[in-house]
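Trainee: Take a look at the following structure, please.
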Amino acid sequence: MPIACLGLSHHTAPLEVRERHAFPASRMGEALAALRDYEAVREAVMLQTCGRIEFYAELDDYETGVAQLKSFLLNFRHGAIEYDLESYLYTHLGSAAVEHLFHVSTGLDSMLIGEAEILGQVKDAYVQAQRANTIGTTLHRLFGEALRAGKNARSTTRIGGESLSLATAAIEAVKARRGTLADACVVIAGAGKMGRTALRRLRDEGARRVVVANRTLTHARSLVEALGCGEAIEMPALAGTLRDADVLFASTGAAHFILTRDDVADAMANREQRPLLIVDLAVPRDIDPEVGTLPNVDLLDVDGLRPVIDERLDVRREAIPEVERIIASYVERFLRWYHSQLAVPAIASLTQKAEAIRSAEMERLFARCPELTERERTLVTGMSMTIVSRLLHSAIANIREKATAEQAEVLSHVRVLDELFELNLAQRIAELK
């Protein structure tokens with residue numbers, strides 16, 4: 001089966017590698033458009049989160065297609081690298097790729113097991129591929145099933161229990177270091193989903209002062225007004241707020257650092273040794289890692305939140321076996337459908353050939369018997385259609401049943417049908433290998 005997944009994630013690659021190969025949201029369409037130029041890639045979807053970048057594709061050929069996906073990931077926009085990318089990559093082929101996507105969509109493959117955000121991210125990847133016209137019948141069906149599997153898992157198991165997100169995990173990490181946020185001045189950089197979650201939680205924690213900085217001031221104001229908490233500023237004013245801040249949460253979509261070492265060093269010079277805790281939730285990172293070397297500055301990134309996350313996931317881990325059973329049922333359903341598609345050309349060709357023969361014979365009969373009335377013609381036509389339908393029924397039913405088996409067996413039956421009825425399917429059979 002020419003379905004493949006190529007990617008790197010928090011399981012295989014450190015943050016500095018993942019962020020190097022991340023695609024800015026504004027360039028996702030451009031990247032997908034470029035991917036269409038690779039000949040062995042029939043369909044493709046790019047899934048990118050803070051913990052992964054993955055390509056799901058239907059390929060003409062495994063070896064050539066996977067090589068082209070690797071070339072694209074290595075060369076598009078990123079330039080020369082000083083490490084061996086292959087050592088961080090994983091490849092899943094055929095049913096393993098299908099199963100992996102369902103593990104992703106249900107949250108089992110996330111750093112934060114059962115995270116709520118992943119289902120929306122899978123849907124966003126699907127929509128982006130639709131807009132870029134890189135998705136066809138196979139991946140349309142696959143991602144539809146993945147979304148249904150994710151929704152099923154969340155609604156029927158406790159995989160999403162014990163409410164926790166990266167933003168709330170970040171706040172838990174801050175509380176572990178400070179003890180409380182009630183007396184804290186907190187700055188949030190970014191007014192997206194992470195910023196909203198953080199602001200809501202900070203409001204509940206009773207933070208003394210909260211400032212929301214965003215590139216678009218109206219978005220920051222809208223968030224502050226919606227939650228009835230905090231004050232809004234534009235992103236250029238962010239560095240100035242650090243003189244009073246105790247904690248900074250950063251989660252923007254910027255393609256570059258929003259704070260450098262010099263920015264933070266200048267702010268720390270006016271703080272009289274007061275510590276500053278920075279939590280960078282963005283991938284690529286918002287904060288220059290060198291900031292963490294400054295005196296009195298504690299810098300955490302998404303990978304640094306693992307200990308907090310692990311402590312909170314016992315309830316979700318108990319649900320894993322049940323989610324695995326759900327995944328297995330959806331994988332089986334998709335594979336049955338996918339294998340059945342191999343028989344479609346044979347069934348269509350057989351039906352078309354039979355109909356062409358029937359139609360031609362009817363025309364010959366009517367030409368020889370012009371005295372037949374319209375009713376008699378209708379009766380004869382109906383009888384001929386019934387005969388053809390009954391003759392084909394067993395063959396079509398059997399090939400559809402066989403089509404749910406392994407690909408090699410399906411192709412064997414298609415070849416036999418092709419030889420018996422001279423359906424001229426050689427090219428299509430070659431494409432399905």
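By convention in this document, the chains of the structure tokens carry letters A, B, ... by their order, each chain's residues are numbered from 1, and ligands are numbered from 1 in the order they are shown.
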Find the spatial neighbours of segment 277-287 of chain A, counting only C-alpha atoms, within a cut-off of 8 Å - ignore same-chain residues fewer than 3 positions away - and output them as a VMD selection string.

Mentor: chain A and resid 15 18 to 20 22 49 to 51 166 to 167 170 174 246 to 260 291 297 to 302

Trainee: Can I get the selected residues back with C-alpha atoms, as a tab-separated table (two decimals), in the first residue's frame?

Mentor:
```tsv
chain	number	residue	atom	x	y	z
A	15	LEU	CA	13.62	21.06	20.19
A	18	ARG	CA	12.32	20.43	15.39
A	19	GLU	CA	12.27	24.22	15.27
A	20	ARG	CA	14.91	24.27	12.52
A	22	ALA	CA	9.30	24.05	11.28
A	49	THR	CA	2.60	21.07	16.00
A	50	CYS	CA	4.96	22.16	18.75
A	51	GLY	CA	5.97	18.51	19.11
A	166	LEU	CA	0.73	22.97	27.62
A	167	ALA	CA	-0.38	26.35	28.94
A	170	ALA	CA	3.46	25.82	32.17
A	174	VAL	CA	5.72	28.21	37.53
A	246	ASP	CA	7.95	38.17	37.55
A	247	VAL	CA	6.91	35.67	34.88
A	248	LEU	CA	6.76	35.74	31.08
A	249	PHE	CA	4.81	33.21	28.99
A	250	ALA	CA	5.65	33.31	25.27
A	251	SER	CA	3.68	31.60	22.52
A	252	THR	CA	3.59	33.43	19.19
A	253	GLY	CA	3.89	32.33	15.58
A	254	ALA	CA	6.93	34.49	14.94
A	255	ALA	CA	9.62	33.13	12.63
A	256	HIS	CA	12.35	34.86	14.67
A	257	PHE	CA	13.16	35.54	18.33
A	258	ILE	CA	10.86	38.14	19.85
A	259	LEU	CA	13.38	38.65	22.70
A	260	THR	CA	17.16	38.44	22.41
A	291	VAL	CA	18.68	34.30	27.61
A	297	VAL	CA	16.80	34.34	34.68
A	298	ASP	CA	15.20	30.89	34.59
A	299	LEU	CA	14.19	29.82	31.06
A	300	LEU	CA	11.93	26.84	30.35
A	301	ASP	CA	10.94	25.55	26.89
A	302	VAL	CA	8.28	22.99	25.88
```

Trainee: Please build the interface table for segment 39-136 of chain A against segment 192-214 of chain A with a cut-off of 12 Å, listing for each qualifying residue the nearest atom pair and the distance in Å to one decimal; count only C-alpha atoms, order rows by chain and increasing number, and write it as JSON lines.

Mentor:
```
{"residue": "A:Cys50", "atom": "CA", "partner": "A:Met194", "partner_atom": "CA", "distance": 11.5}
{"residue": "A:Ala116", "atom": "CA", "partner": "A:Lys193", "partner_atom": "CA", "distance": 11.5}
{"residue": "A:Glu117", "atom": "CA", "partner": "A:Lys193", "partner_atom": "CA", "distance": 9.1}
{"residue": "A:Gly120", "atom": "CA", "partner": "A:Lys193", "partner_atom": "CA", "distance": 11.2}
{"residue": "A:Gln121", "atom": "CA", "partner": "A:Lys193", "partner_atom": "CA", "distance": 11.7}
```

Trainee: If you keep C-alpha atoms, can you produce a file of those selected residues as a PDB file, in the first residue's frame?

Mentor:
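Final output, saved to out_4.pdb:
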```pdb
ATOM      1  CA  CYS A  50       4.957  22.159  18.754  1.00  0.00           C
ATOM      2  CA  ALA A 116      -7.272  18.488  23.335  1.00  0.00           C
ATOM      3  CA  GLU A 117      -5.389  20.654  20.846  1.00  0.00           C
ATOM      4  CA  GLY A 120      -7.856  20.713  15.891  1.00  0.00           C
ATOM      5  CA  GLN A 121      -4.302  20.618  14.562  1.00  0.00           C
TER       6      GLN A 121
END
```

Trainee: Just list as a PyMOL selection string whatever in segment 10-154 of chain A DSSP marks as alpha helix (DSSP H).

Mentor: chain A and resi 15-20+28-35+62-75+95-105+117-132+137-154

Trainee: Using only C-alpha atoms, pick whichever of A:Leu420, A:Ile320, A:Ala132, A:Leu276 has the shortest atom-to-atom distance to Arg27 of chain A.

Mentor: A:Ala132

Trainee: Could you pull the residues within 8 Å of Ile327 of chain A, counting only C-alpha atoms, minus those fewer than 3 positions along the same chain, as a PyMOL selection string?

Mentor: chain A and resi 99+102-103+149+323-324+330-331

Trainee: Could those selected residues go to a file with N, CA and C atoms, as a PDB file, in the first residue's frame?

Mentor:
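Output contents, as saved in part06.pdb:
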```
ATOM      1  N   GLU A  99      -2.044   3.563  11.191  1.00  0.00           N
ATOM      2  CA  GLU A  99      -2.154   3.402  12.646  1.00  0.00           C
ATOM      3  C   GLU A  99      -1.486   4.556  13.383  1.00  0.00           C
ATOM      4  N   PHE A 102      -3.704   7.639  13.535  1.00  0.00           N
ATOM      5  CA  PHE A 102      -4.783   7.498  14.511  1.00  0.00           C
ATOM      6  C   PHE A 102      -4.253   7.630  15.942  1.00  0.00           C
ATOM      7  N   HIS A 103      -3.023   7.190  16.180  1.00  0.00           N
ATOM      8  CA  HIS A 103      -2.406   7.427  17.490  1.00  0.00           C
ATOM      9  C   HIS A 103      -2.203   8.924  17.717  1.00  0.00           C
ATOM     10  N   ALA A 149     -11.974   9.055  14.726  1.00  0.00           N
ATOM     11  CA  ALA A 149     -11.362   8.253  15.783  1.00  0.00           C
ATOM     12  C   ALA A 149     -11.002   9.118  16.985  1.00  0.00           C
ATOM     13  N   VAL A 323      -8.467   3.213  24.282  1.00  0.00           N
ATOM     14  CA  VAL A 323      -8.244   4.004  23.068  1.00  0.00           C
ATOM     15  C   VAL A 323      -7.576   3.154  21.992  1.00  0.00           C
ATOM     16  N   GLU A 324      -6.672   2.275  22.394  1.00  0.00           N
ATOM     17  CA  GLU A 324      -6.019   1.382  21.434  1.00  0.00           C
ATOM     18  C   GLU A 324      -7.046   0.499  20.727  1.00  0.00           C
ATOM     19  N   TYR A 330     -10.874   1.480  13.874  1.00  0.00           N
ATOM     20  CA  TYR A 330     -10.840   2.474  12.800  1.00  0.00           C
ATOM     21  C   TYR A 330      -9.781   2.128  11.757  1.00  0.00           C
ATOM     22  N   VAL A 331      -8.656   1.587  12.189  1.00  0.00           N
ATOM     23  CA  VAL A 331      -7.632   1.152  11.239  1.00  0.00           C
ATOM     24  C   VAL A 331      -8.188   0.055  10.344  1.00  0.00           C
TER      25      VAL A 331
END
```

Trainee: Just the residues within 8 Å of Glu115 of chain A, please, counting only C-alpha atoms, with nothing from its chain fewer than 6 positions along; format it as a PDB file with C-alpha atoms, in the first residue's frame.

Mentor:
```pdb
ATOM      1  CA  GLY A 107      -3.517  12.090  21.493  1.00  0.00           C
ATOM      2  CA  GLY A 160      -8.877  13.726  27.897  1.00  0.00           C
ATOM      3  CA  LEU A 164      -4.298  19.776  31.247  1.00  0.00           C
ATOM      4  CA  SER A 165      -2.740  21.652  28.347  1.00  0.00           C
TER       5      SER A 165
END
```

Trainee: Measuring atom to atom with only C-alpha atoms, identify which of A:Tyr38, A:Arg261, A:Arg141, A:His21 is nearest to Gln341 of chain A.

Mentor: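 The closest residue to Gln341 of chain A is A:Arg141.
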
Trainee: Ranking A:Val344, A:Ile3, A:Met46, A:Ala397 by minimum distance to Glu63 of chain A and counting only C-alpha atoms, which one comes first?

Mentor: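 With only C-alpha atoms as the atom set, the closest residue is A:Ile3.
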